[in-house]
$ cat upload12.tsv   # TSV, C-alpha atoms and all ligand atoms
chain	number	residue	atom	x	y	z
D	868	MET	CA	288.41	165.05	-68.90
D	869	ALA	CA	288.92	166.16	-65.32
D	870	ALA	CA	286.62	163.36	-64.21
D	871	ILE	CA	288.75	160.73	-65.92
D	872	GLN	CA	291.94	162.19	-64.52
D	873	ALA	CA	290.35	162.32	-61.10
D	874	THR	CA	289.91	158.56	-61.13
D	875	THR	CA	293.69	158.15	-60.83
D	876	LEU	CA	294.22	160.95	-58.31
D	877	ARG	CA	294.35	160.16	-54.63
D	878	THR	CA	294.58	163.69	-53.31
D	879	PRO	CA	291.57	165.13	-51.47
D	880	GLY	CA	289.24	167.30	-53.54
D	881	PRO	CA	285.59	168.20	-53.92
D	882	ALA	CA	283.29	165.18	-54.17
D	883	ARG	CA	286.31	162.87	-54.19
D	884	TYR	CA	284.19	160.29	-52.36
D	885	LEU	CA	282.46	159.67	-55.70
D	886	THR	CA	285.71	158.61	-57.37
D	887	ASP	CA	286.41	156.52	-54.26
D	888	ILE	CA	283.11	154.74	-54.80
D	889	PHE	CA	284.05	154.24	-58.44
D	890	HIS	CA	287.46	152.81	-57.47
D	891	ALA	CA	285.86	150.40	-55.03
D	892	ALA	CA	283.35	149.25	-57.65
D	893	ALA	CA	286.11	148.78	-60.25
D	894	ARG	CA	288.24	146.81	-57.77
D	895	GLU	CA	285.35	144.54	-56.95
D	896	LEU	CA	284.64	143.97	-60.62
D	897	LYS	CA	288.29	143.09	-61.30
D	898	GLN	CA	288.25	140.62	-58.44
D	899	ASP	CA	285.26	138.81	-59.88
D	900	ARG	CA	286.55	138.93	-63.45
D	901	PRO	CA	290.38	139.22	-63.46
D	902	HIS	CA	290.59	139.31	-67.26
D	903	LEU	CA	288.12	142.11	-67.68
D	904	GLN	CA	289.44	145.09	-69.66
D	905	LEU	CA	288.01	148.33	-68.33
D	906	THR	CA	288.19	151.36	-70.62
D	907	LEU	CA	287.20	154.86	-69.61
D	908	ARG	CA	286.39	157.16	-72.46
D	909	TRP	CA	285.75	160.86	-72.35
D	910	VAL	CA	282.54	161.84	-74.11
D	911	PRO	CA	282.24	165.50	-75.06
D	912	GLY	CA	278.99	167.04	-73.84
D	913	HIS	CA	276.03	167.62	-76.18
D	914	GLU	CA	277.21	165.08	-78.74
D	915	ASP	CA	274.01	163.06	-78.98
D	916	VAL	CA	275.46	160.04	-77.21
D	917	PRO	CA	272.29	158.47	-75.81
D	918	GLY	CA	273.90	157.24	-72.57
D	919	ASN	CA	275.46	160.62	-71.94
D	920	GLU	CA	272.20	162.43	-72.62
D	921	ALA	CA	270.35	160.11	-70.24
D	922	ALA	CA	272.99	160.69	-67.54
D	923	ASP	CA	272.61	164.42	-68.07
D	924	VAL	CA	268.85	164.28	-67.63
D	925	ALA	CA	269.20	162.10	-64.52
D	926	ALA	CA	271.82	164.47	-63.05
D	927	LYS	CA	269.56	167.46	-63.60
D	928	GLU	CA	266.63	165.67	-61.96
D	929	ALA	CA	268.79	164.72	-59.00
D	930	ALA	CA	269.99	168.30	-58.69
D	931	HIS	CA	266.35	169.33	-58.31
D	932	LYS	CA	266.01	166.83	-55.48
D	933	ARG	CA	264.11	164.34	-57.68
D	934	SER	CA	266.37	161.41	-56.99
D	935	SER	CA	265.63	157.89	-58.25
D	936	PRO	CA	263.85	155.54	-55.81
D	937	ARG	CA	266.35	154.29	-53.25
D	938	ARG	CA	266.00	150.68	-54.36
D	939	GLN	CA	267.19	151.60	-57.86
D	940	LEU	CA	270.35	153.30	-56.64
D	941	PRO	CA	273.71	151.51	-56.46
D	942	GLU	CA	274.13	150.29	-52.91
D	943	SER	CA	276.96	152.67	-52.11
D	944	LEU	CA	274.74	155.64	-52.93
D	945	ARG	CA	271.75	154.62	-50.82
D	946	THR	CA	272.98	156.26	-47.64
D	947	PRO	CA	273.06	160.07	-47.53
D	948	LEU	CA	276.18	161.39	-49.26
D	949	PRO	CA	278.90	162.89	-47.12
D	950	LEU	CA	278.74	166.68	-46.87
D	951	SER	CA	281.36	168.31	-49.06
D	952	THR	CA	283.82	170.30	-46.94
D	953	SER	CA	284.33	172.92	-49.60
D	954	ARG	CA	280.58	173.33	-50.05
D	955	ALA	CA	280.03	173.52	-46.31
D	956	ARG	CA	282.74	176.14	-46.03
D	957	GLN	CA	281.23	178.05	-48.95
D	958	ASN	CA	277.77	177.99	-47.36
D	959	TYR	CA	279.19	179.12	-44.04
D	960	LYS	CA	280.97	182.03	-45.71
D	961	LEU	CA	277.82	183.04	-47.61
D	962	GLU	CA	275.84	182.99	-44.37
D	963	LEU	CA	278.48	185.06	-42.56
D	964	ASN	CA	278.52	187.61	-45.38
D	965	ARG	CA	274.74	187.76	-45.34
D	966	ARG	CA	274.65	188.37	-41.59
D	967	ALA	CA	277.42	190.96	-41.78
D	968	GLY	CA	275.49	192.72	-44.56
D	969	VAL	CA	272.28	192.85	-42.52
D	970	GLN	CA	274.15	194.13	-39.48
D	971	TRP	CA	275.92	196.77	-41.55
D	972	ARG	CA	272.86	198.04	-43.38
D	973	THR	CA	270.87	198.44	-40.18
D	974	SER	CA	273.73	200.12	-38.29
D	975	VAL	CA	273.93	203.91	-37.84
D	976	ARG	CA	277.06	204.03	-40.00
D	977	GLY	CA	275.55	201.76	-42.63
D	978	VAL	CA	272.48	203.94	-42.97
D	979	ARG	CA	274.71	207.02	-43.32
D	980	MET	CA	276.99	205.24	-45.77
D	981	ALA	CA	274.05	204.27	-48.00
D	982	GLU	CA	274.01	207.85	-49.28
D	983	VAL	CA	277.56	207.37	-50.59
D	984	ASP	CA	277.57	203.70	-51.48
D	985	GLY	CA	274.34	201.71	-51.29
D	986	ALA	CA	276.15	198.53	-52.25
D	987	MET	CA	278.40	198.36	-49.18
D	988	PRO	CA	279.61	195.92	-48.06
D	989	SER	CA	280.90	194.79	-51.42
D	990	LYS	CA	284.03	193.94	-53.37
D	991	ARG	CA	283.55	196.99	-55.58
D	992	TYR	CA	285.02	199.29	-52.97
D	993	GLY	CA	288.21	197.23	-52.91
D	994	ALA	CA	288.45	197.58	-56.67
D	995	LEU	CA	287.88	201.32	-56.38
D	996	ILE	CA	290.77	201.94	-54.00
D	997	SER	CA	293.15	199.26	-55.24
D	998	ALA	CA	294.76	201.63	-57.75
D	999	LEU	CA	295.10	204.52	-55.30
D	1000	PRO	CA	298.20	205.52	-53.37
D	1001	ARG	CA	297.73	204.82	-49.66
D	1002	ARG	CA	297.39	208.49	-48.67
D	1003	HIS	CA	294.62	209.01	-51.20
D	1004	ALA	CA	292.87	205.81	-50.17
D	1005	ASN	CA	293.03	206.88	-46.51
D	1006	LEU	CA	291.47	210.23	-47.27
D	1007	LEU	CA	288.74	208.57	-49.35
D	1008	ILE	CA	287.90	206.32	-46.40
D	1009	GLN	CA	287.82	209.36	-44.11
D	1010	PHE	CA	285.41	211.10	-46.45
D	1011	ARG	CA	283.21	208.05	-46.77
D	1012	THR	CA	283.05	207.44	-43.03
D	1013	ASN	CA	282.72	211.09	-41.96
D	1014	HIS	CA	286.07	211.08	-40.22
D	1015	VAL	CA	287.68	213.78	-42.32
D	1016	PRO	CA	289.31	216.63	-40.35
D	1017	LEU	CA	286.65	219.23	-41.07
D	1018	GLN	CA	285.01	221.42	-38.44
D	1019	ALA	CA	281.96	219.17	-37.98
D	1020	TYR	CA	284.23	216.23	-37.20
D	1021	PHE	CA	286.26	218.23	-34.69
D	1022	ALA	CA	283.06	219.47	-33.02
D	1023	ARG	CA	281.75	215.93	-32.85
D	1024	THR	CA	284.93	214.76	-31.17
D	1025	GLU	CA	284.73	217.87	-28.92
D	1026	LYS	CA	288.02	219.31	-30.08
D	1027	VAL	CA	286.30	222.59	-31.04
D	1028	PRO	CA	283.12	224.14	-29.59
D	1029	SER	CA	281.32	224.75	-32.89
D	1030	ALA	CA	280.88	222.90	-36.17
D	1031	THR	CA	280.37	226.12	-38.13
D	1032	CYS	CA	282.33	226.31	-41.38
D	1033	PRO	CA	285.36	228.50	-40.68
D	1034	THR	CA	285.39	230.05	-44.16
D	1035	CYS	CA	281.75	230.85	-44.99
D	1036	ARG	CA	280.26	230.73	-41.47
D	1037	GLY	CA	276.98	229.79	-43.12
D	1038	ALA	CA	276.56	226.17	-42.10
D	1039	PRO	CA	278.21	223.32	-40.23
D	1040	GLU	CA	281.29	222.22	-42.13
D	1041	THR	CA	280.26	218.65	-42.89
D	1042	VAL	CA	281.52	216.46	-45.74
D	1043	PRO	CA	278.57	217.40	-48.03
D	1044	HIS	CA	279.02	221.09	-47.14
D	1045	TYR	CA	282.71	221.09	-47.94
D	1046	LEU	CA	282.45	219.01	-51.10
D	1047	LEU	CA	279.16	220.23	-52.57
D	1048	ALA	CA	277.88	223.43	-50.99
D	1049	CYS	CA	280.40	225.75	-49.34
D	1050	PRO	CA	280.35	229.03	-51.33
D	1051	THR	CA	284.03	229.60	-50.53
D	1052	TYR	CA	284.92	226.85	-52.98
D	1053	SER	CA	282.32	227.28	-55.70
D	1054	LEU	CA	285.01	228.30	-58.15
D	1055	HIS	CA	287.11	225.26	-57.30
D	1056	ARG	CA	284.06	223.10	-57.95
D	1057	ALA	CA	283.41	224.77	-61.27
D	1058	VAL	CA	286.95	223.95	-62.36
D	1059	HIS	CA	287.49	220.52	-60.90
D	1060	PHE	CA	284.02	219.04	-61.02
D	1061	ALA	CA	283.33	220.16	-64.60
D	1062	SER	CA	283.84	216.62	-65.89
D	1063	LEU	CA	281.05	215.36	-63.63
D	1064	GLY	CA	278.41	217.76	-64.93
D	1065	PHE	CA	275.96	219.45	-62.60
D	1066	SER	CA	273.84	216.36	-61.99
D	1067	GLY	CA	277.02	214.39	-61.31
D	1068	ARG	CA	277.96	216.50	-58.32
D	1069	THR	CA	276.87	214.05	-55.67
D	1070	LEU	CA	278.59	212.32	-52.77
D	1071	ALA	CA	278.10	209.01	-54.56
D	1072	ALA	CA	279.80	210.27	-57.73
D	1073	LEU	CA	282.74	211.76	-55.83
D	1074	LEU	CA	283.27	209.07	-53.23
D	1075	ASN	CA	282.13	205.95	-55.01
D	1076	SER	CA	283.08	206.10	-58.67
D	1077	LYS	CA	286.34	205.82	-60.52
D	1078	ALA	CA	285.45	208.89	-62.56
D	1079	GLY	CA	285.02	210.92	-59.39
D	1080	LEU	CA	288.39	210.21	-57.78
D	1081	ARG	CA	290.55	212.49	-59.84
D	1082	PRO	CA	288.15	215.49	-59.55
D	1083	LEU	CA	287.84	214.80	-55.83
D	1084	PHE	CA	291.54	214.82	-55.07
D	1085	ASN	CA	292.26	217.73	-57.38
D	1086	TYR	CA	289.49	219.69	-55.67
D	1087	VAL	CA	290.74	218.88	-52.17
D	1088	ASN	CA	294.23	219.83	-53.22
D	1089	ALA	CA	293.15	223.07	-54.86
D	1090	THR	CA	291.04	224.23	-51.90
D	1091	GLY	CA	293.96	223.67	-49.58
D	1092	ARG	CA	291.41	223.07	-46.83
D	1093	LEU	CA	292.94	219.79	-45.69
D	1094	ARG	CA	296.53	220.64	-46.59
D	1095	SER	CA	297.72	220.82	-42.97
D	1096	ALA	CA	296.10	217.48	-42.16
D	1097	VAL	CA	296.86	215.41	-45.24
D	1098	GLY	CA	299.45	217.38	-47.21
D	1099	ALA	CA	299.47	217.96	-50.95
D	1100	LEU	CA	297.59	215.22	-52.75
D	1101	VAL	CA	298.44	215.49	-56.40
D	1102	GLY	CA	301.76	213.70	-56.61
D	1103	PRO	CA	303.76	213.05	-59.77
D	1104	ARG	CA	302.35	210.01	-61.60
D	1105	SER	CA	300.40	209.31	-58.49
D	1106	GLY	CA	298.69	206.21	-59.74
D	1107	TYR	CA	295.17	207.42	-60.27
D	1108	PRO	CA	293.04	204.82	-61.96
D	1109	ASP	CA	293.25	207.01	-65.08
D	1110	SER	CA	296.89	208.04	-64.57
D	1111	ASP	CA	297.56	208.17	-68.30
D	1112	SER	CA	296.43	211.80	-68.17
D	1113	ASP	CA	298.72	212.83	-65.35
D	1114	SER	CA	300.45	215.49	-67.43
D	1115	GLU	CA	299.74	218.52	-65.26
D	1116	ASP	CA	301.79	217.01	-62.48
D	1117	THR	CA	305.08	217.03	-64.35
D	1201	ZN	ZN	281.47	226.82	-45.86
$ encode --input "upload12.tsv" --output "structure tokens"
Amino acid sequence: MAAIQATTLRTPGPARYLTDIFHAAARELKQDRPHLQLTLRWVPGHEDVPGNEAADVAAKEAAHKRSSPRRQLPESLRTPLPLSTSRARQNYKLELNRRAGVQWRTSVRGVRMAEVDGAMPSKRYGALISALPRRHANLLIQFRTNHVPLQAYFARTEKVPSATCPTCRGAPETVPHYLLACPTYSLHRAVHFASLGFSGRTLAALLNSKAGLRPLFNYVNATGRLRSAVGALVGPRSGYPDSDSDSEDT
């Protein structure tokens, strides 16, 4: 139906040159035979109309680059078809995305990030944070990119001389140490990560899954470790992706 409607439209659109060719052919025909009645009829697909089936087969062949011999083509289709702007734009975008992906995956950050989210760059991350309040989303990004105000980060940016965990003194206070290993918070993990199970206690589960967000923020909030830097995180009806169970906040 869109194809029939398109024959009366003069606005630019994808492959509009084809309807232009059709218009020109129709005009020519009407000039030669002024009394000719031209009727366009929509034929639903797969209805066993022989002409339609044949056109289908021909279209599929052409799509696989098996075009008819040039001599058999209508004259207006013998020269190469104009490049579709929308298709060109689409191809360009695909190529850019591909190159950005390669650059990201081979970068130092990309390699590090693969432990958290092997699919980056992707749209999934946008979907993951879209339901989060900004403060929560910011902290999630900090966790994912290793820019969270823990001792290891401060040592890296030379704000403190040592990365050693200030509470257990047993290891550098990195993101994995704070979230998964520090003995100071084992009880907090037992409480807040219970829903993830033992095998679910991974960086990927906490930083890259909807199910991990609520345990993550509750844990951070309960440990109080980042309180001075990011404040309290569990706000009333704070818009978690699963905020229907926000009862403990009220
Ligand atoms: Zn520790």
$ residues_around --input "upload12.tsv" --residues "Arg1036 in chain D" --least-positions-apart "6" --cutoff "12 Å" --atoms "only C-alpha atoms" --output "PyMOL selection string"
chain D and resi 1018+1029-1030+1044-1045+1049-1051
$ residues_near_ligand --input "upload12.tsv" --ligand "ligand ZN 1201 (chain D)" --cutoff "12 Å" --atoms "all atoms listed in the file" --output "short mmCIF file (atom, residue, chain, number, x, y, z; two decimals) with C-alpha atoms, in the coordinates of the input"
data_model
loop_
_atom_site.label_atom_id
_atom_site.label_comp_id
_atom_site.auth_asym_id
_atom_site.auth_seq_id
_atom_site.Cartn_x
_atom_site.Cartn_y
_atom_site.Cartn_z
CA LEU D 1017 286.65 219.23 -41.07
CA GLN D 1018 285.01 221.42 -38.44
CA ALA D 1019 281.96 219.17 -37.98
CA ALA D 1030 280.88 222.90 -36.17
CA THR D 1031 280.37 226.12 -38.13
CA CYS D 1032 282.33 226.31 -41.38
CA PRO D 1033 285.36 228.50 -40.68
CA THR D 1034 285.39 230.05 -44.16
CA CYS D 1035 281.75 230.85 -44.99
CA ARG D 1036 280.26 230.73 -41.47
CA GLY D 1037 276.98 229.79 -43.12
CA ALA D 1038 276.56 226.17 -42.10
CA PRO D 1039 278.21 223.32 -40.23
CA GLU D 1040 281.29 222.22 -42.13
CA THR D 1041 280.26 218.65 -42.89
CA VAL D 1042 281.52 216.46 -45.74
CA PRO D 1043 278.57 217.40 -48.03
CA HIS D 1044 279.02 221.09 -47.14
CA TYR D 1045 282.71 221.09 -47.94
CA LEU D 1046 282.45 219.01 -51.10
CA LEU D 1047 279.16 220.23 -52.57
CA ALA D 1048 277.88 223.43 -50.99
CA CYS D 1049 280.40 225.75 -49.34
CA PRO D 1050 280.35 229.03 -51.33
CA THR D 1051 284.03 229.60 -50.53
CA TYR D 1052 284.92 226.85 -52.98
CA SER D 1053 282.32 227.28 -55.70
CA THR D 1090 291.04 224.23 -51.90
CA ARG D 1092 291.41 223.07 -46.83
#
$ residues_near_point --input "upload12.tsv" --point "(299.2, 217.7, -49.1)" --cutoff "12 Å" --atoms "all atoms listed in the file" --output "count of residues only"
22
$ atom_distance --input "upload12.tsv" --atom1 "CA of Asn1013 in chain D" --atom2 "CA of Ala967 in chain D"
20.8 Å
$ atom_distance --input "upload12.tsv" --atom1 "CA of Pro1016 in chain D" --atom2 "CA of Gly993 in chain D"
23.1 Å
$ closest_residue --input "upload12.tsv" --among "D:Glu942, D:Arg1023, D:Leu1080, D:Leu905" --to "Pro1000 in chain D" --atoms "all atoms listed in the file"
D:Leu1080
$ closest_residue --input "upload12.tsv" --among "D:Ala1004, D:Ala892, D:Val916, D:Leu999" --to "Leu944 in chain D" --atoms "only C-alpha atoms"
D:Ala892
$ atom_distance --input "upload12.tsv" --atom1 "CA of Glu1025 in chain D" --atom2 "CA of Ile1008 in chain D"
21.2 Å
$ closest_residue --input "upload12.tsv" --among "D:Thr1012, D:Thr1024, D:Ser935, D:Thr946" --to "Leu1070 in chain D" --atoms "all atoms listed in the file"
D:Thr1012
$ residues_around --input "upload12.tsv" --residues "Leu1083 in chain D" --least-positions-apart "6" --cutoff "10 Å" --atoms "only C-alpha atoms" --output "tab-separated table (two decimals) with C-alpha atoms, in the coordinates of the input"
chain	number	residue	atom	x	y	z
D	1007	LEU	CA	288.74	208.57	-49.35
D	1046	LEU	CA	282.45	219.01	-51.10
D	1056	ARG	CA	284.06	223.10	-57.95
D	1059	HIS	CA	287.49	220.52	-60.90
D	1060	PHE	CA	284.02	219.04	-61.02
D	1072	ALA	CA	279.80	210.27	-57.73
D	1073	LEU	CA	282.74	211.76	-55.83
D	1074	LEU	CA	283.27	209.07	-53.23
D	1089	ALA	CA	293.15	223.07	-54.86
$ closest_residue --input "upload12.tsv" --among "D:Ala955, D:Ile888, D:Ala981, D:Val969" --to "Pro941 in chain D" --atoms "all atoms listed in the file"
D:Ile888
$ closest_residue --input "upload12.tsv" --among "D:Asn1005, D:Pro901, D:Ala893, D:Arg1011" --to "Glu982 in chain D" --atoms "all atoms listed in the file"
D:Arg1011
$ build_atoms --input "upload12.tsv" --residues "range 978-992 of chain D" --atoms "N, CA and C atoms" --output "mmCIF file, in the coordinates of the input"
data_model
loop_
_atom_site.group_PDB
_atom_site.id
_atom_site.type_symbol
_atom_site.label_atom_id
_atom_site.label_comp_id
_atom_site.auth_asym_id
_atom_site.auth_seq_id
_atom_site.Cartn_x
_atom_site.Cartn_y
_atom_site.Cartn_z
ATOM 1 N N VAL D 978 273.552 203.101 -42.450
ATOM 2 C CA VAL D 978 272.480 203.940 -42.970
ATOM 3 C C VAL D 978 273.077 205.224 -43.554
ATOM 4 N N ARG D 979 274.057 205.797 -42.842
ATOM 5 C CA ARG D 979 274.710 207.020 -43.320
ATOM 6 C C ARG D 979 275.480 206.737 -44.614
ATOM 7 N N MET D 980 276.162 205.595 -44.621
ATOM 8 C CA MET D 980 276.990 205.240 -45.770
ATOM 9 C C MET D 980 276.152 205.004 -47.021
ATOM 10 N N ALA D 981 274.903 204.602 -46.845
ATOM 11 C CA ALA D 981 274.050 204.270 -48.000
ATOM 12 C C ALA D 981 273.945 205.451 -48.957
ATOM 13 N N GLU D 982 274.079 206.661 -48.431
ATOM 14 C CA GLU D 982 274.010 207.850 -49.280
ATOM 15 C C GLU D 982 275.208 207.886 -50.245
ATOM 16 N N VAL D 983 276.337 207.368 -49.775
ATOM 17 C CA VAL D 983 277.560 207.370 -50.590
ATOM 18 C C VAL D 983 277.646 206.114 -51.435
ATOM 19 N N ASP D 984 277.398 204.979 -50.796
ATOM 20 C CA ASP D 984 277.570 203.700 -51.480
ATOM 21 C C ASP D 984 276.526 202.715 -50.967
ATOM 22 N N GLY D 985 275.434 202.590 -51.707
ATOM 23 C CA GLY D 985 274.340 201.710 -51.290
ATOM 24 C C GLY D 985 274.701 200.240 -51.358
ATOM 25 N N ALA D 986 275.799 199.935 -52.058
ATOM 26 C CA ALA D 986 276.150 198.530 -52.250
ATOM 27 C C ALA D 986 277.051 197.991 -51.156
ATOM 28 N N MET D 987 277.521 198.854 -50.244
ATOM 29 C CA MET D 987 278.400 198.360 -49.180
ATOM 30 C C MET D 987 277.641 197.357 -48.319
ATOM 31 N N PRO D 988 278.228 196.312 -47.782
ATOM 32 C CA PRO D 988 279.610 195.920 -48.060
ATOM 33 C C PRO D 988 279.714 195.172 -49.389
ATOM 34 N N SER D 989 280.739 195.483 -50.156
ATOM 35 C CA SER D 989 280.900 194.790 -51.420
ATOM 36 C C SER D 989 282.365 194.799 -51.850
ATOM 37 N N LYS D 990 282.649 194.005 -52.877
ATOM 38 C CA LYS D 990 284.030 193.940 -53.370
ATOM 39 C C LYS D 990 284.362 195.159 -54.219
ATOM 40 N N ARG D 991 283.311 195.870 -54.670
ATOM 41 C CA ARG D 991 283.550 196.990 -55.580
ATOM 42 C C ARG D 991 284.426 198.058 -54.947
ATOM 43 N N TYR D 992 284.241 198.260 -53.645
ATOM 44 C CA TYR D 992 285.020 199.290 -52.970
ATOM 45 C C TYR D 992 286.510 198.942 -53.023
#
